[in-house]
Each structure stands twice: as structure tokens, then as C-alpha cells.
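What's in input.cif: mmCIF, C-alpha atoms
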data_my_file
loop_
_atom_site.label_atom_id
_atom_site.label_comp_id
_atom_site.auth_asym_id
_atom_site.auth_seq_id
_atom_site.Cartn_x
_atom_site.Cartn_y
_atom_site.Cartn_z
CA MET A 1 20.33 81.70 81.50
CA THR A 2 21.38 78.11 82.25
CA VAL A 3 23.98 76.25 80.17
CA ARG A 4 23.95 72.44 80.41
CA VAL A 5 26.90 70.23 79.49
CA GLY A 6 26.03 66.59 80.10
CA PRO A 7 25.16 66.17 83.80
CA TRP A 8 26.55 69.61 84.63
CA SER A 9 24.70 72.90 84.48
CA VAL A 10 25.95 76.44 84.97
CA ARG A 11 23.76 79.46 85.50
CA LEU A 12 25.01 82.51 83.62
CA ALA A 13 23.84 86.11 84.01
CA PRO A 14 24.00 87.91 80.62
CA ARG A 15 24.66 91.31 82.20
CA ALA A 16 27.44 89.91 84.38
CA LEU A 17 29.01 88.31 81.30
CA LEU A 18 28.81 91.61 79.44
CA VAL A 19 30.37 93.52 82.34
CA GLY A 20 33.11 90.91 82.66
CA THR A 21 33.88 91.14 78.94
CA VAL A 22 34.05 94.93 79.08
CA LEU A 23 36.35 94.82 82.12
CA VAL A 24 38.65 92.38 80.33
CA LEU A 25 38.82 94.69 77.30
CA VAL A 26 39.45 97.73 79.50
CA GLY A 27 42.14 95.81 81.37
CA CYS A 28 43.82 94.90 78.08
CA ALA A 29 43.73 98.54 76.94
CA VAL A 30 45.20 99.77 80.23
CA THR A 31 47.88 97.07 80.09
CA VAL A 32 48.93 98.06 76.56
CA ALA A 33 48.95 101.76 77.52
CA ALA A 34 51.04 101.09 80.64
CA ILE A 35 53.60 98.99 78.77
CA SER A 36 53.89 101.11 75.63
CA THR A 37 53.93 104.62 77.10
CA GLY A 38 56.41 106.32 79.38
CA GLU A 39 59.68 108.19 79.18
CA PHE A 40 60.55 105.95 76.23
CA THR A 41 57.54 105.13 74.04
CA VAL A 42 57.39 101.64 72.57
CA PRO A 43 54.96 101.18 69.65
CA VAL A 44 52.30 98.53 70.20
CA PRO A 45 53.65 96.20 67.45
CA ASP A 46 57.08 96.34 69.12
CA VAL A 47 55.46 95.56 72.48
CA VAL A 48 53.83 92.44 71.05
CA ALA A 49 57.09 91.39 69.36
CA ALA A 50 59.05 91.90 72.59
CA LEU A 51 56.55 89.83 74.59
CA PHE A 52 57.13 86.94 72.17
CA GLY A 53 60.91 87.37 72.29
CA GLN A 54 61.19 88.80 68.79
CA GLY A 55 61.68 92.49 69.55
CA THR A 56 64.77 94.65 69.49
CA PRO A 57 67.13 94.42 72.48
CA VAL A 58 66.02 97.85 73.72
CA ALA A 59 62.32 97.00 73.39
CA GLU A 60 62.78 93.66 75.14
CA LEU A 61 64.64 95.33 78.01
CA ILE A 62 61.95 97.96 78.49
CA VAL A 63 58.97 95.66 77.99
CA SER A 64 60.03 92.30 79.41
CA LYS A 65 62.36 93.43 82.19
CA LEU A 66 60.91 96.74 83.38
CA ARG A 67 57.29 97.42 82.48
CA ALA A 68 55.59 94.05 81.96
CA PRO A 69 56.47 92.67 85.43
CA ARG A 70 55.10 95.81 87.06
CA VAL A 71 51.87 95.71 85.07
CA VAL A 72 51.34 91.97 85.61
CA THR A 73 51.99 92.37 89.34
CA GLY A 74 49.43 95.19 89.43
CA LEU A 75 46.82 93.09 87.63
CA LEU A 76 47.34 90.10 89.93
CA VAL A 77 47.48 92.13 93.15
CA GLY A 78 44.38 94.08 92.14
CA ALA A 79 42.51 90.86 91.39
CA ALA A 80 43.56 89.39 94.75
CA PHE A 81 42.44 92.48 96.64
CA GLY A 82 39.15 92.63 94.73
CA LEU A 83 38.42 88.97 95.38
CA SER A 84 39.35 89.26 99.06
CA GLY A 85 37.10 92.29 99.46
CA ALA A 86 34.22 90.45 97.77
CA ILE A 87 34.58 87.53 100.18
CA PHE A 88 34.54 89.64 103.32
CA GLN A 89 31.77 91.94 102.14
CA SER A 90 29.68 88.87 101.40
CA LEU A 91 30.48 87.29 104.77
CA THR A 92 29.72 90.43 106.75
CA ARG A 93 26.86 91.60 104.50
CA ASN A 94 28.40 95.04 104.86
CA PRO A 95 30.08 97.24 102.20
CA LEU A 96 32.64 98.27 104.83
CA GLY A 97 33.61 94.65 105.51
CA SER A 98 36.88 94.76 103.59
CA PRO A 99 40.40 93.81 104.77
CA ASP A 100 41.22 97.53 105.03
CA PHE A 101 38.67 98.02 107.80
CA ILE A 102 38.65 94.76 109.72
CA GLY A 103 42.31 94.73 110.59
CA PHE A 104 43.85 92.25 108.18
CA THR A 105 45.73 94.82 106.09
CA ALA A 106 46.90 96.56 109.27
CA GLY A 107 48.13 93.21 110.60
CA ALA A 108 50.05 92.60 107.40
CA SER A 109 51.52 96.10 107.75
CA THR A 110 52.66 95.30 111.28
CA GLY A 111 54.45 92.15 110.12
CA GLY A 112 56.07 94.05 107.26
CA ILE A 113 57.23 96.90 109.50
CA ILE A 114 58.80 94.50 111.98
CA MET A 115 60.76 92.85 109.18
CA VAL A 116 61.85 96.21 107.75
CA ILE A 117 63.11 97.34 111.15
CA ALA A 118 64.88 94.00 111.59
CA GLY A 119 66.74 94.66 108.33
CA GLY A 120 65.04 91.87 106.41
CA SER A 121 65.24 91.31 102.68
CA ALA A 122 62.34 91.85 100.30
CA MET A 123 61.32 88.20 100.66
CA THR A 124 61.52 88.41 104.46
CA ILE A 125 59.35 91.52 104.46
CA ALA A 126 56.82 89.76 102.25
CA GLY A 127 56.82 86.75 104.57
CA GLY A 128 56.36 89.00 107.59
CA ALA A 129 53.40 90.72 105.94
CA LEU A 130 51.73 87.41 105.15
CA ALA A 131 52.37 86.09 108.66
CA GLY A 132 51.02 89.29 110.23
CA CYS A 133 47.85 89.05 108.16
CA VAL A 134 47.27 85.40 109.11
CA VAL A 135 47.93 85.96 112.84
CA THR A 136 45.59 88.95 112.89
CA ALA A 137 42.88 86.96 111.14
CA LEU A 138 43.18 84.14 113.67
CA LEU A 139 42.90 86.57 116.59
CA VAL A 140 39.93 88.42 115.08
CA TYR A 141 38.16 85.16 114.28
CA ALA A 142 38.77 83.84 117.79
CA LEU A 143 37.51 87.04 119.43
CA ALA A 144 34.46 87.21 117.15
CA PHE A 145 33.51 83.54 117.62
CA ARG A 146 30.50 83.02 119.88
CA GLY A 147 28.98 79.71 118.83
CA GLY A 148 29.64 80.91 115.29
CA VAL A 149 30.81 84.12 113.61
CA GLN A 150 28.18 86.72 112.77
CA GLY A 151 29.00 89.38 110.20
CA TYR A 152 28.37 92.39 112.44
CA ARG A 153 30.55 90.89 115.20
CA LEU A 154 33.40 90.24 112.74
CA VAL A 155 33.23 93.86 111.56
CA LEU A 156 33.15 95.31 115.08
CA VAL A 157 36.00 93.16 116.37
CA GLY A 158 37.95 93.82 113.17
CA ILE A 159 37.55 97.59 113.46
CA GLY A 160 38.82 97.43 117.04
CA ALA A 161 41.78 95.28 115.99
CA ASN A 162 42.48 97.67 113.10
CA ALA A 163 42.62 100.67 115.45
CA LEU A 164 44.92 98.82 117.86
CA LEU A 165 47.26 97.67 115.09
CA LEU A 166 47.47 101.15 113.58
CA ALA A 167 48.60 102.40 117.00
CA VAL A 168 51.17 99.58 117.16
CA ASN A 169 52.44 100.51 113.70
CA SER A 170 52.83 104.15 114.69
CA TYR A 171 54.72 103.12 117.83
CA LEU A 172 57.07 100.88 115.84
CA LEU A 173 57.84 103.73 113.45
CA THR A 174 58.65 106.11 116.31
CA ARG A 175 61.02 103.56 117.89
CA ALA A 176 62.87 102.78 114.67
CA ASN A 177 65.94 104.67 113.51
CA ILE A 178 65.38 107.29 110.85
CA ASN A 179 66.49 105.10 107.90
CA ASP A 180 64.35 102.12 108.91
CA ALA A 181 61.39 104.42 109.59
CA ALA A 182 61.76 105.97 106.13
CA ASN A 183 61.93 102.55 104.47
CA ALA A 184 58.94 101.29 106.44
CA GLY A 185 56.98 104.44 105.64
CA ALA A 186 57.67 104.03 101.94
CA TRP A 187 56.55 100.38 102.08
CA LEU A 188 53.39 101.33 104.00
CA THR A 189 52.33 103.68 101.20
CA GLY A 190 51.87 100.78 98.79
CA SER A 191 53.70 100.82 95.49
CA LEU A 192 54.36 98.80 92.33
CA SER A 193 57.65 100.54 91.63
CA GLY A 194 60.52 98.15 91.06
CA ARG A 195 58.30 95.08 91.03
CA GLY A 196 59.64 92.15 89.05
CA TRP A 197 58.55 88.69 88.07
CA GLU A 198 59.61 87.42 91.50
CA HIS A 199 56.80 89.54 93.00
CA ALA A 200 54.19 88.45 90.46
CA GLN A 201 54.83 84.70 90.71
CA PRO A 202 53.67 84.16 94.34
CA VAL A 203 50.47 86.12 93.69
CA ALA A 204 49.81 84.14 90.50
CA LEU A 205 50.32 80.88 92.39
CA ALA A 206 48.00 82.00 95.19
CA LEU A 207 45.31 82.96 92.69
CA ALA A 208 45.69 79.67 90.83
CA VAL A 209 45.04 77.78 94.07
CA LEU A 210 42.46 80.05 95.70
CA VAL A 211 40.27 81.10 92.75
CA PRO A 212 38.81 77.57 92.42
CA VAL A 213 38.20 77.58 96.19
CA CYS A 214 36.36 80.89 95.88
CA ALA A 215 34.32 79.50 93.00
CA LEU A 216 33.29 76.53 95.14
CA VAL A 217 32.15 78.67 98.09
CA SER A 218 30.58 81.41 95.95
CA ARG A 219 27.11 79.86 95.78
CA PRO A 220 26.99 78.83 99.47
CA LEU A 221 28.04 82.37 100.40
CA ARG A 222 25.09 83.70 98.41
CA MET A 223 22.84 81.49 100.54
CA ILE A 224 24.50 82.64 103.77
CA GLU A 225 23.83 86.27 102.78
CA MET A 226 20.13 85.47 103.30
CA GLY A 227 20.84 84.52 106.91
CA ASP A 228 22.37 81.57 108.74
CA ASP A 229 19.03 79.93 109.51
CA ALA A 230 17.88 80.08 105.89
CA ALA A 231 21.24 78.72 104.70
CA LYS A 232 21.14 75.84 107.18
CA ALA A 233 17.61 75.01 106.09
CA MET A 234 18.95 74.57 102.54
CA GLY A 235 21.66 72.19 103.73
CA ILE A 236 24.59 74.64 103.82
CA ARG A 237 27.27 73.91 106.42
CA VAL A 238 27.50 77.54 107.43
CA GLU A 239 30.54 77.56 109.72
CA ALA A 240 32.55 75.27 107.46
CA VAL A 241 31.85 77.46 104.42
CA ARG A 242 32.58 80.59 106.42
CA ALA A 243 35.90 79.21 107.69
CA VAL A 244 37.01 78.22 104.18
CA ALA A 245 35.97 81.61 102.77
CA ILE A 246 37.77 83.53 105.53
CA THR A 247 40.92 81.46 105.00
CA ALA A 248 40.87 82.17 101.25
CA GLY A 249 40.19 85.88 101.78
CA VAL A 250 42.96 86.25 104.37
CA LEU A 251 45.52 84.48 102.18
CA LEU A 252 44.58 86.59 99.15
CA SER A 253 44.85 89.80 101.14
CA GLY A 254 48.12 88.75 102.77
CA VAL A 255 49.80 87.68 99.52
CA ALA A 256 48.69 90.87 97.76
CA THR A 257 49.99 93.05 100.60
CA ALA A 258 53.25 91.10 100.65
CA ALA A 259 53.75 91.80 96.92
CA ALA A 260 52.82 95.49 96.74
CA GLY A 261 52.44 96.76 100.28
CA PRO A 262 49.14 97.76 101.88
CA VAL A 263 47.41 99.38 98.88
CA ILE A 264 44.20 100.52 100.54
CA PHE A 265 40.64 100.94 99.28
CA VAL A 266 40.94 98.58 96.28
CA ALA A 267 39.36 95.76 98.29
CA LEU A 268 36.65 98.16 99.46
CA ALA A 269 35.69 99.76 96.15
CA ALA A 270 36.12 96.95 93.61
CA PRO A 271 33.31 94.65 94.86
CA GLN A 272 30.85 97.51 95.24
CA LEU A 273 31.56 98.95 91.79
CA ALA A 274 31.28 95.47 90.27
CA ARG A 275 28.00 94.87 92.07
CA ARG A 276 26.52 98.11 90.78
CA LEU A 277 27.61 97.45 87.21
CA THR A 278 26.29 93.89 87.18
CA ARG A 279 23.18 94.86 89.19
CA SER A 280 23.65 91.68 91.15
CA PRO A 281 21.71 91.25 94.41
CA GLY A 282 24.93 89.96 96.03
CA VAL A 283 28.67 90.37 95.69
CA THR A 284 30.05 88.86 92.46
CA MET A 285 33.43 87.17 92.77
CA GLY A 286 34.56 87.18 89.13
CA ALA A 287 33.53 90.75 88.39
CA SER A 288 35.10 91.93 91.66
CA ALA A 289 38.44 90.34 90.77
CA LEU A 290 38.39 91.89 87.29
CA MET A 291 37.39 95.28 88.68
CA GLY A 292 40.20 95.15 91.24
CA ALA A 293 42.74 94.35 88.52
CA VAL A 294 41.54 97.22 86.33
CA LEU A 295 41.35 99.69 89.23
CA LEU A 296 44.86 99.05 90.52
CA THR A 297 46.51 98.96 87.10
CA ALA A 298 44.73 102.12 85.95
CA ALA A 299 45.58 103.88 89.22
CA ASP A 300 49.25 102.93 88.84
CA LEU A 301 49.27 104.21 85.25
CA ALA A 302 47.74 107.50 86.40
CA ALA A 303 50.19 107.73 89.30
CA GLN A 304 53.08 107.46 86.83
CA ARG A 305 51.73 109.92 84.28
CA LEU A 306 49.81 112.65 86.15
CA LEU A 307 52.87 114.43 87.55
CA ALA A 308 55.50 113.04 85.14
CA PRO A 309 58.46 112.89 85.45
CA THR A 310 57.61 112.61 89.17
CA GLN A 311 55.96 109.29 89.98
CA LEU A 312 53.53 108.84 92.85
CA PRO A 313 53.17 105.57 94.76
CA VAL A 314 49.95 103.92 93.64
CA GLY A 315 48.77 103.76 97.26
CA VAL A 316 48.58 107.56 97.37
CA LEU A 317 46.20 107.66 94.41
CA THR A 318 44.04 104.76 95.59
CA ALA A 319 43.77 106.41 99.01
CA ALA A 320 42.61 109.68 97.44
CA ILE A 321 40.10 107.96 95.16
CA GLY A 322 39.00 105.49 97.81
CA GLY A 323 38.49 108.17 100.44
CA THR A 324 36.22 110.08 98.07
CA TYR A 325 34.33 106.88 97.23
CA LEU A 326 33.93 106.03 100.92
CA ALA A 327 32.47 109.48 101.62
CA LEU A 328 29.98 109.05 98.77
CA LEU A 329 29.10 105.55 99.98
CA LEU A 330 28.45 106.75 103.53
CA ARG A 331 26.40 109.70 102.25
CA LYS A 332 24.28 107.37 100.09
CA ASP A 333 23.68 104.99 103.01
CA ARG A 334 22.70 107.93 105.22
CA HIS A 335 19.96 108.82 102.75
#
Kindly transcribe the structure held in the file into C-alpha cells.
Amino acid sequence: MTVRVGPWSVRLAPRALLVGTVLVLVGCAVTVAAISTGEFTVPVPDVVAALFGQGTPVAELIVSKLRAPRVVTGLLVGAAFGLSGAIFQSLTRNPLGSPDFIGFTAGASTGGIIMVIAGGSAMTIAGGALAGCVVTALLVYALAFRGGVQGYRLVLVGIGANALLLAVNSYLLTRANINDAANAGAWLTGSLSGRGWEHAQPVALALAVLVPVCALVSRPLRMIEMGDDAAKAMGIRVEAVRAVAITAGVLLSGVATAAAGPVIFVALAAPQLARRLTRSPGVTMGASALMGAVLLTAADLAAQRLLAPTQLPVGVLTAAIGGTYLALLLRKDRH
């Protein structure tokens, strides 16, 4: 279906629109459940009143200061991870081509661990994670570049870099004192606990800048999925588009990791689940972002409620779910 507005035209897929609408509704339901339920239940009308500054002091404290920042951070981080995973899976034409597997998340973890051991503040740790992700991406891109960057080469080099960085992370933890190692280990798990508006704002800013960039490269990436030669024949500047897409994906992954730690498997699973629901021949950016937001927020809600009053870090739950999904994905590909 094509919608024309003056000289502009936009092609819309009805099923993708339906899936996107459903994901938005599910995300709203999960958000309301996460904010209203807990050790102290806040009725939905009181939640709405507190969000508009008209609630009771207790409701405003619980909603605006404690729960809403955590939920909003989860939504934004999940969307960033989902969008980053969609970019790299499209570039590599491989369902395993996510930041978790090609070294970028591990690089961000290395930067974060170094800052934790150095006694850095929360902002310093976040900056270290972002810097580690960017440096790792530059090294992987440079090693994978041979007159261009092919998807399979990026995956292979990234897997090697990921293995090396995991070894470096383990070494850093063994050399740190017990308190620093415990703090770094907790950060490496990935968690939304204690997240405030100061964690959500950088991710929101990054999404505001990078989502339009992703929208611009979305169609050229679809062409590149058919092969570099076919894309060049249609006038696509393959390497330029690929460089812009990689930059956007790396920044999204780095900012998300800086805000919540290396929450694994969201970037892997969200684009694939979105693709299956939309039945799209390629990776869908918008649906992947929405799926990532829903997955991470729902996982965090489950992590808080499953073993209440004990709360699990969300990274533990996403690892368990993602590991099962990965096994199913590999089994399906084998058949």
C-alpha cells in the first residue's frame, strides 16, 4: 500500500502496521503493570494523576521518582538494542549478526570494567562503556575491511574479537580487588535497578538523533541485502551506506550498554521475532525497535515479580530466554 502526500510517497505494509500497533499496545500494558504493581500497589488512575503532577505525595514519589524512570529507561534501552540488532543483522545477512556476537557489547563491557576498577562514577562507567564499544567497532571494521566489508567477514572477525575481549574481561576481574570485582560483576549482569531520569535522557537523545538516520538508510540496506553488485546497479553507494549504518548501530549499542549494562540477547532476538511477526523478507527497523522495548520491559517486570521479594537482574532473565531462543534458532537452521 502506497500513501502519497504531494510529491512524497510512502510505502506501507498493512501487516507491519498491525504488528507495530499491537506492540505499542502491549508495551503500554506492560508499562502500566510495571508502574502500578509492586510492594506498594498504585491504582492506575493514581498512576495517571501522578504522571501529570496531580497525585498524592506518596504516589508521586513511587511513580515519578522510583518506577517511571526505570520503566522508561527499559523501554528506551530495549528499543536501542532492538534497532542496533536489526542494523547488524541486515548488514551481515545473518541472524547471529548482533552486537552480542560480533564483539561490540564485549568491548563496551571492557570499557565499563576498566572504569569500575579505576573507581569511576556512574557517568564515568557509562562513558567508558561507550568508548569501549566505539573502539572495538573501529578495530573490527578495520580488520574486516578488504576493499569493502562483507557480512560474513564482519561476523567472523567480530566473533574472534568477542572471544578475545571476553578473555580480557575475565583477566581484568581476576586482577581487581574483591570489592571492585563484585561491582564489575554486578554491572556485567545488566540491570535496570536504581535507574533514574539521568540514565534515560542520554538514550532518548541518542534515539532522537539516530532513529532518523536509521530511517534514511533502511531502504538502501534492503537493497544491499540482495548483494553488493545488485545494490550498486541500482545506484546505492554501498560502502557509504554501510559505514553510516555501522556507526548508528554501534552508537545505539554503546549508549544502551552504558545506561543498563550489557543486557544480552535482546539485540539478537528482537529483530528476528519482529521479522517473523511481520513476515517481512528483510529485517524491519521500526518493528525491531518496538519488539526490543517490549521484550526488555517485560523481562524486567518478570525479573522483579517471579521471585518476589527477591529481584533478579534483568540480564539474568534475558540470558535464560535468549539462550533458549538461540538453541531453537540454531536447531531450525540445521533443519
**OP:** Starting from the shown file, work through the PyMOL selection byres ((chain A and resi 125) around 10) and note down what comes out as a list in words.
**Re:** Ala108, Ser109, Gly111, Gly112, Ile113, Ile114, Met115, Val116, Ile117, Ala118, Gly119, Gly120, Ser121, Ala122, Met123, Thr124, Ala126, Gly127, Gly128, Ala129, Leu130, Ala131, Ala184, Trp187, Ala258, Ala259 and Gly261 of chain A
Original post:
Suppose you want the space between atom CA of Ser98 of chain A and atom CA of Gly85 of chain A; what is it in Å?
Top reply: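 Going from atom CA of Ser98 of chain A over to atom CA of Gly85 of chain A, I get 4.8 Å.
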Subject >> Between atom CA of Leu172 of chain A and atom CA of Pro99 of chain A - distance in Å to one decimal >> reply: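 These atoms are spaced 21.2 Å apart.
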Original post:
Mind pulling up the distance from atom CA of Leu173 of chain A to atom CA of Ala299 of chain A?
Top reply: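 So the answer is 27.2 Å.
Each of A:Asn183, A:Thr174, A:Ser90, A:Gln201 was compared to Gln150 of chain A using all atoms listed in the file, and A:Ser90 turns out to be the nearest.
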Could you give me, as a PDB file with C-alpha atoms, keeping the file's coordinate frame, the residues within 10 Å of Arg242 of chain A, counting all atoms listed in the file and dropping anything in the same chain fewer than 2 positions from it?
ATOM      1  CA  ILE A  87      34.580  87.530 100.180  1.00  0.00           C
ATOM      2  CA  PHE A  88      34.540  89.640 103.320  1.00  0.00           C
ATOM      3  CA  LEU A  91      30.480  87.290 104.770  1.00  0.00           C
ATOM      4  CA  GLY A 148      29.640  80.910 115.290  1.00  0.00           C
ATOM      5  CA  VAL A 149      30.810  84.120 113.610  1.00  0.00           C
ATOM      6  CA  GLN A 150      28.180  86.720 112.770  1.00  0.00           C
ATOM      7  CA  VAL A 217      32.150  78.670  98.090  1.00  0.00           C
ATOM      8  CA  PRO A 220      26.990  78.830  99.470  1.00  0.00           C
ATOM      9  CA  LEU A 221      28.040  82.370 100.400  1.00  0.00           C
ATOM     10  CA  ILE A 224      24.500  82.640 103.770  1.00  0.00           C
ATOM     11  CA  ARG A 237      27.270  73.910 106.420  1.00  0.00           C
ATOM     12  CA  VAL A 238      27.500  77.540 107.430  1.00  0.00           C
ATOM     13  CA  GLU A 239      30.540  77.560 109.720  1.00  0.00           C
ATOM     14  CA  ALA A 240      32.550  75.270 107.460  1.00  0.00           C
ATOM     15  CA  VAL A 244      37.010  78.220 104.180  1.00  0.00           C
ATOM     16  CA  ALA A 245      35.970  81.610 102.770  1.00  0.00           C
ATOM     17  CA  ILE A 246      37.770  83.530 105.530  1.00  0.00           C
ATOM     18  CA  THR A 247      40.920  81.460 105.000  1.00  0.00           C
ATOM     19  CA  ALA A 248      40.870  82.170 101.250  1.00  0.00           C
TER      20      ALA A 248
END
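Nearest residue to Ala270 of chain A among A:Leu156, A:Leu188, A:Leu296, A:Ile102 is A:Leu296, counting all atoms listed in the file.
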